[in-house]
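*Asks:* One file is attached below, start-v8.txt, containing compact mmCIF, C-alpha atoms and all ligand atoms.
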```txt
# COMPACT_ATOMS: atom_id res chain seq x y z
CA MET A 1262 75.65 97.18 101.77
CA ILE A 1263 79.12 98.36 100.89
CA SER A 1264 81.98 96.45 102.46
CA SER A 1265 83.91 98.16 105.23
CA VAL A 1266 86.99 97.96 103.00
CA LEU A 1267 86.32 100.14 99.94
CA PRO A 1268 85.62 97.54 97.24
CA THR A 1269 88.14 98.76 94.63
CA TYR A 1270 89.78 95.33 94.30
CA ASN A 1271 88.49 91.97 93.14
CA ARG A 1272 90.32 89.97 95.75
CA ALA A 1273 91.22 86.30 95.57
CA PRO A 1274 89.71 84.30 98.45
CA LEU A 1275 93.05 83.93 100.23
CA SER A 1276 94.37 85.42 103.48
CA PHE A 1277 98.02 84.85 104.17
CA VAL A 1278 99.30 84.67 107.70
CA LYS A 1279 103.01 84.04 107.20
CA GLY A 1280 105.73 84.45 104.61
CA GLU A 1281 109.16 82.88 104.36
CA GLY A 1282 111.40 83.32 101.33
CA SER A 1283 109.23 82.63 98.29
CA TRP A 1284 106.50 80.83 100.24
CA LEU A 1285 103.28 82.11 101.75
CA THR A 1286 101.09 80.23 104.22
CA GLU A 1287 97.34 80.66 104.02
CA ALA A 1288 95.18 80.87 107.15
CA ASP A 1289 94.00 77.28 106.52
CA GLY A 1290 97.58 76.01 106.41
CA ARG A 1291 97.99 75.65 102.61
CA ARG A 1292 101.36 76.82 101.27
CA PHE A 1293 101.68 78.85 98.09
CA LEU A 1294 104.76 79.49 96.01
CA ASP A 1295 104.83 83.25 95.49
CA LEU A 1296 105.84 84.40 92.02
CA GLY A 1297 104.12 87.73 92.47
CA ALA A 1298 106.23 89.01 95.37
CA GLY A 1299 103.56 91.57 96.26
CA ILE A 1300 103.83 92.83 92.65
CA ALA A 1301 107.62 93.04 92.43
CA VAL A 1302 107.91 94.49 95.93
CA ASN A 1303 109.36 91.69 98.08
CA ALA A 1304 112.63 91.75 96.15
CA LEU A 1305 114.36 89.55 98.72
CA GLY A 1306 111.36 87.35 99.49
CA HIS A 1307 109.39 87.32 102.71
CA ALA A 1308 111.01 87.82 106.11
CA HIS A 1309 114.58 88.09 104.85
CA PRO A 1310 116.74 87.96 108.02
CA ALA A 1311 118.81 91.05 107.11
CA LEU A 1312 115.65 93.10 106.50
CA VAL A 1313 113.95 91.85 109.65
CA ALA A 1314 117.09 92.71 111.62
CA ALA A 1315 117.35 96.21 110.10
CA LEU A 1316 113.66 96.89 110.71
CA THR A 1317 113.58 95.65 114.29
CA ALA A 1318 116.82 97.38 115.27
CA GLN A 1319 115.56 100.69 113.88
CA ALA A 1320 112.10 100.13 115.39
CA GLN A 1321 113.66 99.92 118.82
CA ALA A 1322 115.69 103.11 118.30
CA LEU A 1323 113.51 105.61 116.37
CA TRP A 1324 110.65 105.40 113.87
CA HIS A 1325 109.83 108.88 112.73
CA VAL A 1326 111.08 112.40 113.24
CA SER A 1327 110.07 114.54 110.20
CA ASN A 1328 112.19 116.08 107.51
CA LEU A 1329 112.48 119.17 109.68
CA TYR A 1330 115.58 117.38 110.96
CA ARG A 1331 118.56 115.59 109.49
CA ILE A 1332 117.95 111.87 109.13
CA PRO A 1333 121.21 109.87 109.01
CA GLN A 1334 119.51 106.74 107.61
CA GLN A 1335 118.06 108.84 104.76
CA GLN A 1336 121.44 110.46 104.09
CA ALA A 1337 123.15 107.06 103.98
CA LEU A 1338 120.64 105.61 101.52
CA ALA A 1339 120.79 108.71 99.31
CA ASP A 1340 124.60 108.50 99.29
CA ALA A 1341 124.43 104.83 98.30
CA LEU A 1342 121.95 105.51 95.47
CA VAL A 1343 124.04 108.41 94.18
CA ALA A 1344 127.19 106.26 94.33
CA HIS A 1345 125.57 103.44 92.33
CA THR A 1346 123.61 105.40 89.72
CA PHE A 1347 123.58 108.37 87.32
CA ALA A 1348 121.91 110.50 89.99
CA ASP A 1349 123.30 113.47 91.89
CA SER A 1350 120.37 113.88 94.26
CA VAL A 1351 117.53 111.82 95.72
CA PHE A 1352 114.14 112.60 97.28
CA PHE A 1353 112.42 109.82 99.21
CA THR A 1354 108.71 109.09 98.93
CA ASN A 1355 106.42 106.33 100.20
CA SER A 1356 105.21 104.95 96.88
CA GLY A 1357 105.60 104.90 93.13
CA THR A 1358 102.69 107.27 92.69
CA GLU A 1359 104.34 109.86 94.91
CA SER A 1360 107.53 109.42 92.92
CA ALA A 1361 105.57 110.10 89.71
CA GLU A 1362 104.08 113.24 91.25
CA LEU A 1363 107.50 114.63 92.12
CA ALA A 1364 109.01 113.65 88.76
CA ILE A 1365 106.26 115.60 87.01
CA LYS A 1366 106.67 118.59 89.34
CA MET A 1367 110.42 118.51 88.75
CA VAL A 1368 109.93 118.68 84.98
CA ARG A 1369 107.55 121.63 85.31
CA LYS A 1370 109.82 123.51 87.71
CA TYR A 1371 112.85 122.94 85.50
CA TRP A 1372 111.21 124.67 82.54
CA HIS A 1373 109.58 127.31 84.71
CA ASP A 1374 112.94 128.35 86.12
CA ARG A 1375 114.44 128.50 82.65
CA GLY A 1376 111.63 130.85 81.68
CA GLU A 1377 110.48 128.60 78.86
CA ASP A 1378 106.92 127.64 78.17
CA ARG A 1379 107.45 123.90 77.70
CA GLN A 1380 104.62 121.98 79.34
CA THR A 1381 103.98 118.82 77.36
CA ILE A 1382 105.17 115.50 78.74
CA LEU A 1383 105.07 112.68 76.21
CA THR A 1384 103.83 109.37 77.60
CA PHE A 1385 102.99 106.01 76.05
CA GLU A 1386 99.98 103.79 75.63
CA GLY A 1387 100.04 100.85 78.05
CA ALA A 1388 101.97 102.86 80.62
CA PHE A 1389 101.31 102.76 84.33
CA HIS A 1390 102.63 105.47 86.62
CA GLY A 1391 100.24 105.19 89.56
CA ARG A 1392 96.73 106.24 90.52
CA SER A 1393 96.93 109.92 91.48
CA THR A 1394 95.18 112.46 89.29
CA ALA A 1395 98.47 113.32 87.59
CA ALA A 1396 99.54 109.69 87.20
CA ILE A 1397 96.27 108.57 85.59
CA ALA A 1398 96.37 111.57 83.26
CA ALA A 1399 99.94 110.60 82.32
CA ALA A 1400 98.98 107.00 81.49
CA GLY A 1401 95.74 108.13 79.91
CA SER A 1402 94.01 104.76 79.69
CA GLU A 1403 90.22 104.72 79.53
CA LYS A 1404 90.12 102.12 82.31
CA MET A 1405 91.91 104.35 84.82
CA THR A 1406 90.64 107.79 83.81
CA LYS A 1407 86.93 107.18 83.12
CA GLY A 1408 84.82 109.08 85.63
CA PHE A 1409 87.73 111.02 87.05
CA GLY A 1410 87.78 114.05 84.80
CA PRO A 1411 88.73 116.75 84.26
CA LEU A 1412 92.11 115.17 83.65
CA MET A 1413 95.22 117.08 84.51
CA PRO A 1414 96.50 118.66 81.31
CA GLY A 1415 100.07 118.56 80.05
CA PHE A 1416 100.38 114.99 78.78
CA LYS A 1417 100.40 113.71 75.23
CA LEU A 1418 99.87 109.98 74.91
CA LEU A 1419 101.67 108.22 72.05
CA PRO A 1420 101.20 104.70 70.70
CA TRP A 1421 103.76 102.17 71.98
CA GLY A 1422 106.47 101.42 69.44
CA ASP A 1423 105.37 104.00 66.85
CA HIS A 1424 108.59 105.78 65.87
CA ASP A 1425 106.88 108.08 63.38
CA ALA A 1426 104.43 109.32 65.99
CA LEU A 1427 107.31 109.91 68.39
CA ASP A 1428 109.39 111.78 65.80
CA ALA A 1429 106.41 113.96 64.94
CA ALA A 1430 105.64 114.73 68.59
CA LEU A 1431 109.11 115.20 70.06
CA ASP A 1432 110.14 118.71 69.12
CA ASP A 1433 111.68 121.57 71.06
CA THR A 1434 108.37 122.51 72.69
CA VAL A 1435 108.22 119.21 74.59
CA ALA A 1436 109.13 119.38 78.29
CA ALA A 1437 109.92 115.71 78.88
CA VAL A 1438 109.43 112.14 77.80
CA MET A 1439 108.25 109.77 80.52
CA ILE A 1440 108.51 106.04 79.94
CA GLU A 1441 109.00 102.64 81.59
CA PRO A 1442 112.07 100.88 80.12
CA LEU A 1443 110.04 97.70 80.57
CA GLN A 1444 106.28 98.06 80.94
CA GLY A 1445 104.88 96.05 83.84
CA GLU A 1446 101.12 96.57 84.07
CA GLY A 1447 101.10 97.03 80.30
CA GLY A 1448 101.98 93.35 79.86
CA ILE A 1449 105.76 92.99 80.29
CA ARG A 1450 106.62 94.92 77.18
CA PRO A 1451 110.33 95.77 76.98
CA LEU A 1452 111.55 98.88 75.22
CA PRO A 1453 114.41 97.69 72.99
CA ASP A 1454 117.81 99.12 73.90
CA VAL A 1455 118.09 100.89 70.54
CA CYS A 1456 114.79 102.66 71.20
CA LEU A 1457 115.91 103.87 74.60
CA GLN A 1458 119.17 105.02 73.04
CA GLY A 1459 117.24 106.78 70.28
CA LEU A 1460 114.98 108.40 72.83
CA ARG A 1461 117.99 109.68 74.78
CA ALA A 1462 119.48 111.12 71.59
CA ALA A 1463 116.18 112.78 70.64
CA CYS A 1464 115.88 114.29 74.12
CA ASP A 1465 119.45 115.60 73.88
CA ARG A 1466 118.63 117.12 70.49
CA THR A 1467 115.46 118.87 71.64
CA GLY A 1468 116.36 119.59 75.26
CA ALA A 1469 113.45 117.51 76.59
CA LEU A 1470 114.13 115.75 79.89
CA LEU A 1471 114.11 111.96 79.89
CA VAL A 1472 112.12 110.61 82.83
CA LEU A 1473 112.29 106.87 83.39
CA ASP A 1474 109.75 105.03 85.52
CA GLU A 1475 111.70 102.17 87.06
CA VAL A 1476 109.24 101.59 89.87
CA GLN A 1477 108.67 97.99 88.74
CA CYS A 1478 111.71 97.16 86.58
CA GLY A 1479 114.33 98.78 88.84
CA MET A 1480 116.24 97.61 91.93
CA GLY A 1481 117.87 94.59 90.36
CA ARG A 1482 114.79 93.05 88.77
CA THR A 1483 116.27 92.86 85.26
CA GLY A 1484 119.72 91.75 86.44
CA ARG A 1485 121.12 95.26 86.48
CA LEU A 1486 120.53 97.62 89.39
CA PHE A 1487 118.38 99.69 87.03
CA ALA A 1488 116.99 98.51 83.69
CA HIS A 1489 118.22 101.50 81.65
CA GLU A 1490 121.81 100.40 82.33
CA TRP A 1491 121.35 97.68 79.68
CA ALA A 1492 121.03 100.39 77.04
CA GLY A 1493 124.05 102.29 78.33
CA ILE A 1494 122.11 105.54 78.68
CA GLU A 1495 121.22 107.76 81.61
CA PRO A 1496 117.93 109.50 82.30
CA ASP A 1497 117.61 112.98 83.76
CA ILE A 1498 115.04 111.86 86.31
CA MET A 1499 114.03 108.39 87.50
CA MET A 1500 111.13 107.15 89.62
CA VAL A 1501 111.73 104.22 91.94
CA ALA A 1502 109.59 102.37 94.52
CA LYS A 1503 108.39 98.74 94.94
CA GLY A 1504 111.60 96.67 95.34
CA ILE A 1505 113.61 99.48 96.94
CA GLY A 1506 111.91 98.87 100.30
CA GLY A 1507 111.76 95.09 99.99
CA GLY A 1508 108.18 95.23 101.35
CA PHE A 1509 108.41 98.32 103.51
CA PRO A 1510 106.70 101.31 101.83
CA LEU A 1511 109.49 103.34 100.24
CA GLY A 1512 109.97 105.19 96.99
CA ALA A 1513 112.44 107.66 95.57
CA VAL A 1514 113.05 110.13 92.80
CA LEU A 1515 116.61 110.19 91.53
CA ALA A 1516 117.82 113.09 89.41
CA ARG A 1517 120.83 114.66 87.84
CA GLU A 1518 121.82 118.03 89.20
CA HIS A 1519 120.38 120.17 86.40
CA ALA A 1520 116.92 118.60 86.86
CA ALA A 1521 117.08 118.50 90.66
CA ALA A 1522 118.50 121.96 91.34
CA PRO A 1523 115.26 123.95 90.79
CA MET A 1524 113.67 122.01 93.68
CA VAL A 1525 114.90 124.37 96.38
CA ALA A 1526 113.73 124.50 100.01
CA GLY A 1527 109.96 124.76 100.26
CA THR A 1528 109.15 123.51 96.74
CA HIS A 1529 108.30 119.95 97.79
CA GLY A 1530 107.94 117.87 100.91
CA SER A 1531 106.65 114.73 102.56
CA THR A 1532 105.70 113.98 106.14
CA TYR A 1533 106.80 110.36 105.99
CA GLY A 1534 109.15 110.25 103.01
CA GLY A 1535 112.64 109.14 103.99
CA ASN A 1536 111.74 108.24 107.57
CA PRO A 1537 114.36 106.34 109.61
CA LEU A 1538 112.44 103.05 109.57
CA ALA A 1539 111.94 102.94 105.80
CA CYS A 1540 115.49 104.06 105.05
CA ALA A 1541 117.05 101.54 107.44
CA VAL A 1542 115.24 98.77 105.56
CA GLY A 1543 116.02 100.37 102.20
CA MET A 1544 119.69 100.41 103.09
CA ALA A 1545 119.61 96.72 103.97
CA VAL A 1546 118.00 95.99 100.58
CA MET A 1547 120.53 98.17 98.77
CA GLU A 1548 123.52 96.50 100.46
CA ILE A 1549 122.40 93.14 99.09
CA VAL A 1550 120.92 94.02 95.70
CA ALA A 1551 123.61 96.44 94.52
CA GLU A 1552 126.32 93.77 94.84
CA PRO A 1553 127.54 92.75 91.36
CA ALA A 1554 127.58 89.07 92.40
CA PHE A 1555 123.93 89.29 93.47
CA LEU A 1556 122.92 90.91 90.17
CA ALA A 1557 124.85 88.26 88.23
CA GLU A 1558 122.87 85.61 90.11
CA VAL A 1559 119.62 87.31 89.10
CA GLY A 1560 120.79 87.03 85.49
CA ARG A 1561 121.69 83.38 85.87
CA LYS A 1562 118.36 82.51 87.51
CA ALA A 1563 116.58 84.45 84.78
CA GLY A 1564 118.30 82.38 82.08
CA LEU A 1565 117.33 79.18 83.84
CA MET A 1566 113.72 80.32 84.24
CA ARG A 1567 113.40 81.41 80.63
CA GLN A 1568 114.68 78.08 79.41
CA LYS A 1569 112.14 76.23 81.55
CA LEU A 1570 109.36 78.53 80.39
CA GLU A 1571 110.23 77.88 76.72
CA GLY A 1572 109.77 74.18 77.52
CA LEU A 1573 106.46 74.92 79.20
CA ILE A 1574 105.19 76.82 76.15
CA ALA A 1575 106.26 73.97 73.86
CA ALA A 1576 104.34 71.52 76.08
CA HIS A 1577 101.23 73.72 76.28
CA PRO A 1578 100.74 75.60 73.00
CA GLN A 1579 97.00 75.79 73.68
CA THR A 1580 97.58 77.75 76.89
CA PHE A 1581 100.76 79.75 76.35
CA GLU A 1582 101.94 81.76 73.38
CA GLU A 1583 105.27 83.32 74.29
CA VAL A 1584 107.57 84.38 77.11
CA ARG A 1585 108.84 87.94 77.25
CA GLY A 1586 110.60 90.31 79.57
CA LEU A 1587 114.04 90.74 81.03
CA GLY A 1588 115.74 89.21 84.04
CA LEU A 1589 113.22 88.11 86.64
CA MET A 1590 110.52 90.37 85.24
CA LEU A 1591 108.90 87.83 82.96
CA GLY A 1592 105.54 87.59 81.23
CA LEU A 1593 103.74 84.68 79.68
CA LYS A 1594 101.35 85.69 76.96
CA CYS A 1595 98.33 83.43 77.25
CA ARG A 1596 96.10 81.85 74.63
CA ARG A 1597 93.19 81.66 77.06
CA PRO A 1598 92.01 84.39 79.47
CA ASN A 1599 94.92 85.29 81.75
CA LEU A 1600 92.54 85.48 84.72
CA ASP A 1601 91.66 81.80 84.13
CA VAL A 1602 95.36 80.93 84.05
CA THR A 1603 95.96 82.96 87.21
CA ALA A 1604 93.12 81.09 88.97
CA ALA A 1605 94.34 77.69 87.74
CA ALA A 1606 97.86 78.50 88.95
CA ARG A 1607 96.40 79.43 92.33
CA ASP A 1608 94.61 76.08 92.44
CA ALA A 1609 98.00 74.48 91.77
CA GLY A 1610 99.50 76.42 94.69
CA LEU A 1611 101.25 79.12 92.68
CA LEU A 1612 100.74 82.89 92.79
CA VAL A 1613 101.21 84.88 89.59
CA VAL A 1614 99.99 88.37 88.66
CA PRO A 1615 97.85 89.18 85.62
CA ALA A 1616 98.78 92.14 83.40
CA ALA A 1617 97.35 93.81 80.30
CA ASP A 1618 97.70 92.21 76.86
CA ASN A 1619 96.49 88.85 78.28
CA VAL A 1620 99.76 88.24 80.08
CA ILE A 1621 100.55 86.64 83.41
CA ARG A 1622 103.53 88.12 85.20
CA LEU A 1623 106.19 86.09 86.95
CA LEU A 1624 107.97 88.41 89.39
CA PRO A 1625 109.74 86.13 91.85
CA ALA A 1626 111.93 87.27 94.70
CA LEU A 1627 115.32 88.06 93.18
CA ASN A 1628 116.99 85.55 95.51
CA ILE A 1629 114.54 82.72 94.82
CA PRO A 1630 116.27 79.32 95.04
CA ASP A 1631 116.62 77.41 91.76
CA ASP A 1632 114.49 74.61 93.21
CA ASP A 1633 111.62 76.99 93.80
CA LEU A 1634 111.86 78.27 90.22
CA ALA A 1635 111.70 74.68 88.98
CA GLU A 1636 108.74 73.99 91.27
CA ALA A 1637 106.97 77.09 89.94
CA VAL A 1638 107.23 75.80 86.37
CA THR A 1639 106.01 72.36 87.50
CA ARG A 1640 102.96 74.05 89.03
CA LEU A 1641 102.37 76.12 85.88
CA ASP A 1642 102.49 72.86 83.93
CA ARG A 1643 99.89 71.37 86.27
CA ALA A 1644 97.71 74.48 85.96
CA ALA A 1645 97.86 74.38 82.16
CA ALA A 1646 97.07 70.64 82.12
CA ALA A 1647 94.04 71.26 84.32
CA LEU A 1648 92.76 73.99 81.98
CA GLU A 1649 93.36 71.81 78.91
CA ALA A 1650 91.50 68.85 80.48
CA VAL A 1651 88.21 70.79 80.59
C1 LIG B 1 103.40 100.10 90.73
C2 LIG B 1 103.85 101.14 89.78
C3 LIG B 1 103.64 102.51 90.04
C4 LIG B 1 102.85 102.99 91.21
O1 LIG B 1 103.43 102.64 92.41
P1 LIG B 1 102.56 102.68 93.78
O2 LIG B 1 103.58 102.34 94.83
O3 LIG B 1 101.48 101.67 93.63
O4 LIG B 1 102.04 104.04 93.94
C5 LIG B 1 104.17 103.42 89.14
N1 LIG B 1 104.85 103.02 88.05
C6 LIG B 1 105.07 101.73 87.78
C7 LIG B 1 105.86 101.34 86.57
C8 LIG B 1 104.57 100.74 88.62
O5 LIG B 1 104.75 99.45 88.33
```
Please, can you express the file's structure as structure tokens?
*Replies:*
Amino acid sequence: MISSVLPTYNRAPLSFVKGEGSWLTEADGRRFLDLGAGIAVNALGHAHPALVAALTAQAQALWHVSNLYRIPQQQALADALVAHTFADSVFFTNSGTESAELAIKMVRKYWHDRGEDRQTILTFEGAFHGRSTAAIAAAGSEKMTKGFGPLMPGFKLLPWGDHDALDAALDDTVAAVMIEPLQGEGGIRPLPDVCLQGLRAACDRTGALLVLDEVQCGMGRTGRLFAHEWAGIEPDIMMVAKGIGGGFPLGAVLAREHAAAPMVAGTHGSTYGGNPLACAVGMAVMEIVAEPAFLAEVGRKAGLMRQKLEGLIAAHPQTFEEVRGLGLMLGLKCRRPNLDVTAAARDAGLLVVPAADNVIRLLPALNIPDDDLAEAVTRLDRAAAALEAV
């Protein structure tokens, strides 16, 4: 008989009852060090006092009103995002998938209003943009699309890192290029700065809009507020979610005026998007993460972690091949099945997240104490030793 929860996940046999900082407590009392952070969502760890305070204060005042009315918390968060980024305007969603949907609609409306028949959005192999019909069509992988046809048209999937294929595809009939500056689900694959710069230049040349998916790599994860800042370029449209709510469901689409302006009243909406509760928490996250000193700390912790991981790889060449990524969005490419490594880590009291390309992802809270980072590597060492002993 089918389980009462639709069985679309292979779940680990763990039920957590409490979270504090980078630690989770299982129902049986065992404590786990959390280097998954709910897949890069709990940017400030579990139960951060400022987030708990913002949530509870807002919960006592007002939860939900609808976008039929002005929402001061939404306005404040939009103002803060505009002040700290390339964007001129922001629409709030409840998830990354919803942000992808709007980004795609924005691209279509932009060209529609210009009276030009430009429909193709270029996307890249290994991408992940969510699980809606549009988002799976955009990513195009067999694993996500099989059985769900007909796929939404309008996407052209290109191989990752193939400049010739990109040059051949990106002409003045293309509507937009949509890409993650640092692939998450695809296996922590960074797009080199020069490639992002080249992509920006090619979009400028052809008029195509540049849409960045920073759902996973944004909100401080790479040590900059948004990952594209490393390359010194600006997108036209950007999708955000995950870390922006620190664990409360919240997403956003940020856009420059020319891309945002066609989205006039009535062209898009959301019942829950930008509700007072989500935006109050989002603002609390933003106030901490957007601070230059906080971002510098993410960079410092990342350097420390990377160094320790290089040592781990040197000690366990049979288990680990290389470390990759940026900031605290790190991947360890494994030499044995990443699901085995994930399970062994769990047995050692450490939570990591598998990704494609036989990688395990390390996505700690951005404010994780140095001691916890060191403990995580100790536990990875123990996990590798256990696998190598068999
Ligand atoms: C997680 C993710 C999404 C989808 O976000 P949901 O909140 O699960 O809908 C989209 N793009 C990227 C890069 C992601 O990592």
*Asks:* Which is closest to Leu1471 of chain A among A:Ala1298, A:Leu1634, A:Met1367, A:Val1546, if we use only C-alpha atoms?
*Replies:*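 The shortest atom-to-atom distance to Leu1471 of chain A comes from A:Met1367.
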*Asks:* Between atom CA of Gly1306 of chain A and atom CA of Lys1562 of chain A, what distance in Å does the model show, to one decimal?
*Replies:*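 For atom CA of Gly1306 of chain A relative to atom CA of Lys1562 of chain A, the distance reads 14.7 Å.
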*Asks:* Sorted by chain and rising residue number, which residues of chain A lie within 10 Å of ligand LIG 1 (chain B), and what are their closest atom pairs and distances in Å to one decimal, counting all atoms listed in the file, as a tab-separated table?
*Replies:*
```
residue	atom	partner	partner_atom	distance
A:Ile1300	CA	B:LIG1	C1	7.5
A:Ala1301	CA	B:LIG1	O5	8.1
A:Val1302	CA	B:LIG1	C1	8.9
A:Thr1354	CA	B:LIG1	O2	9.4
A:Asn1355	CA	B:LIG1	O2	7.3
A:Ser1356	CA	B:LIG1	O2	3.7
A:Gly1357	CA	B:LIG1	O1	3.2
A:Thr1358	CA	B:LIG1	O4	3.5
A:Glu1359	CA	B:LIG1	O4	6.3
A:Ser1360	CA	B:LIG1	O4	7.8
A:Ala1361	CA	B:LIG1	C5	6.8
A:Glu1362	CA	B:LIG1	O4	9.8
A:Ala1388	CA	B:LIG1	C7	7.3
A:Phe1389	CA	B:LIG1	N1	5.1
A:His1390	CA	B:LIG1	C5	3.6
A:Gly1391	CA	B:LIG1	C4	3.8
A:Arg1392	CA	B:LIG1	O4	6.7
A:Ser1393	CA	B:LIG1	O4	8.2
A:Ala1396	CA	B:LIG1	C5	8.0
A:Ala1400	CA	B:LIG1	N1	9.7
A:Ile1440	CA	B:LIG1	C7	8.5
A:Glu1441	CA	B:LIG1	C7	6.0
A:Pro1442	CA	B:LIG1	C7	9.0
A:Leu1443	CA	B:LIG1	C7	8.2
A:Gln1444	CA	B:LIG1	C7	6.5
A:Gly1445	CA	B:LIG1	O5	5.6
A:Glu1446	CA	B:LIG1	O5	6.3
A:Gly1447	CA	B:LIG1	C7	9.0
A:Leu1473	CA	B:LIG1	C7	9.1
A:Asp1474	CA	B:LIG1	C7	5.5
A:Glu1475	CA	B:LIG1	C7	5.9
A:Val1476	CA	B:LIG1	C6	4.7
A:Gln1477	CA	B:LIG1	O5	4.2
A:Cys1478	CA	B:LIG1	C7	7.2
A:Gly1479	CA	B:LIG1	C7	9.1
A:Met1500	CA	B:LIG1	N1	7.7
A:Val1501	CA	B:LIG1	N1	8.0
A:Ala1502	CA	B:LIG1	O2	6.0
A:Lys1503	CA	B:LIG1	O2	6.0
A:Gly1504	CA	B:LIG1	O2	9.8
A:Pro1510	CA	B:LIG1	O2	7.7
A:Leu1511	CA	B:LIG1	O2	8.1
A:Gly1512	CA	B:LIG1	O2	7.3
```
*Asks:* Give me, as JSON lines, each residue of segment 1363-1412 of chain A that comes within 10 Å of segment 1485-1498 of chain A, together with its shortest interatomic pair and the distance in Å at one decimal, counting all atoms listed in the file, with rows ordered by chain and rising residue number.
*Replies:*
```
{"residue": "A:Leu1363", "atom": "CA", "partner": "A:Ile1498", "partner_atom": "CA", "distance": 9.9}
{"residue": "A:Ala1364", "atom": "CA", "partner": "A:Ile1498", "partner_atom": "CA", "distance": 6.8}
{"residue": "A:Ile1365", "atom": "CA", "partner": "A:Ile1498", "partner_atom": "CA", "distance": 9.6}
{"residue": "A:Met1367", "atom": "CA", "partner": "A:Ile1498", "partner_atom": "CA", "distance": 8.5}
{"residue": "A:Val1368", "atom": "CA", "partner": "A:Ile1498", "partner_atom": "CA", "distance": 8.6}
```
*Asks:* If we count all atoms listed in the file and set the cut-off at 7 Å, which residues sit around Ile1449 of chain A, ignoring sequence neighbours fewer than 6 positions away in its own chain? Please answer as a tab-separated table (two decimals) with C-alpha atoms, in the frame of the given file.
*Replies:*
```tsv
chain	number	residue	atom	x	y	z
A	1443	LEU	CA	110.04	97.70	80.57
A	1585	ARG	CA	108.84	87.94	77.25
A	1586	GLY	CA	110.60	90.31	79.57
A	1591	LEU	CA	108.90	87.83	82.96
A	1592	GLY	CA	105.54	87.59	81.23
```
*Asks:* What's the separation between atom CA of Ser1350 of chain A and atom CA of Ala1437 of chain A, in Å to one decimal place?
*Replies:*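 Going from atom CA of Ser1350 of chain A over to atom CA of Ala1437 of chain A, I get 18.7 Å.
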*Asks:* Leaving out Ile1574 of chain A and any residue of its chain fewer than 3 positions from it, which residues lie within 12 Å of it when counting all atoms listed in the file, given as a list in words?
*Replies:* Arg1567, Gln1568, Lys1569, Leu1570, Glu1571, His1577, Pro1578, Gln1579, Thr1580, Phe1581, Glu1582, Glu1583, Val1584, Arg1585, Gly1592, Leu1593, Lys1594, Cys1595, Arg1596, Val1638, Leu1641, Asp1642, Ala1645 and Ala1646 of chain A
*Asks:* When you look at Val1542 of chain A with a cut-off of 8 Å (counting only C-alpha atoms), what residues show up, excluding the ones that are within fewer than 6 positions of it in the same chain? I need them as a ChimeraX atom specification.
*Replies:* /A:1312,1315-1316,1506-1507,1509
*Asks:* Separation of atom CA of Asp1618 of chain A and atom CA of Met1405 of chain A, in Å?
*Replies:*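 Computed distance, atom CA of Asp1618 of chain A to atom CA of Met1405 of chain A, equals 15.6 Å.
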*Asks:* Which one is closest to Leu1305 of chain A: A:Val1559, A:Ala1605, A:Ala1426, A:Leu1611? Count only C-alpha atoms.
*Replies:* A:Val1559
*Asks:* What's the 7 Å shell around Pro1537 of chain A, counting only C-alpha atoms, without same-chain residues fewer than 2 positions away, as a list of chain:residue names?
*Replies:*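 What passes the distance filter is A:Leu1323, A:Trp1324, A:His1325, A:Ile1332, A:Gln1334, A:Gln1335, A:Gly1535, A:Ala1539, A:Cys1540, A:Ala1541.
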*Asks:* Can you pull out every residue within 7 Å of Phe1416 of chain A, counting only C-alpha atoms, but drop anything in the same chain fewer than 2 positions away, and send it as a PDB file with C-alpha atoms, keeping the file's coordinate frame?
*Replies:*
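File produced: around-v3.pdb:
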```
ATOM      1  CA  THR A1381     103.980 118.820  77.360  1.00  0.00           C
ATOM      2  CA  ILE A1382     105.170 115.500  78.740  1.00  0.00           C
ATOM      3  CA  LEU A1383     105.070 112.680  76.210  1.00  0.00           C
ATOM      4  CA  THR A1384     103.830 109.370  77.600  1.00  0.00           C
ATOM      5  CA  ALA A1398      96.370 111.570  83.260  1.00  0.00           C
ATOM      6  CA  ALA A1399      99.940 110.600  82.320  1.00  0.00           C
ATOM      7  CA  PRO A1414      96.500 118.660  81.310  1.00  0.00           C
ATOM      8  CA  LEU A1418      99.870 109.980  74.910  1.00  0.00           C
TER       9      LEU A1418
END
```
*Asks:* Measuring between all atoms listed in the file, which one of A:Val1313, A:Val1326, A:Met1262, A:Ala1273 shows the shortest distance to Thr1532 of chain A?
*Replies:*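 Going through A:Val1313, A:Val1326, A:Met1262, A:Ala1273 one by one, the smallest distance to Thr1532 of chain A is for A:Val1326.
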*Asks:* Which residue, A:Leu1589, A:Ala1513, A:Leu1565, A:Met1524, has the smallest gap to Val1343 of chain A when you use only C-alpha atoms?
*Replies:*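 Going through A:Leu1589, A:Ala1513, A:Leu1565, A:Met1524 one by one, the smallest distance to Val1343 of chain A is for A:Ala1513.
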*Asks:* Within 7 Å of (97.3, 84.3, 101.5) (coordinates as in the file), grab all the protein and nucleic acid residues, counting only C-alpha atoms, and write them out as an MDAnalysis selection string.
*Replies:* chainID A and resid 1275:1278 1285:1288
*Asks:* Store the residues picked out above in a file with C-alpha atoms, as a PDB file, in the frame of the given file.
*Replies:*
```
ATOM      1  CA  LEU A1275      93.050  83.930 100.230  1.00  0.00           C
ATOM      2  CA  SER A1276      94.370  85.420 103.480  1.00  0.00           C
ATOM      3  CA  PHE A1277      98.020  84.850 104.170  1.00  0.00           C
ATOM      4  CA  VAL A1278      99.300  84.670 107.700  1.00  0.00           C
ATOM      5  CA  LEU A1285     103.280  82.110 101.750  1.00  0.00           C
ATOM      6  CA  THR A1286     101.090  80.230 104.220  1.00  0.00           C
ATOM      7  CA  GLU A1287      97.340  80.660 104.020  1.00  0.00           C
ATOM      8  CA  ALA A1288      95.180  80.870 107.150  1.00  0.00           C
TER       9      ALA A1288
END
```
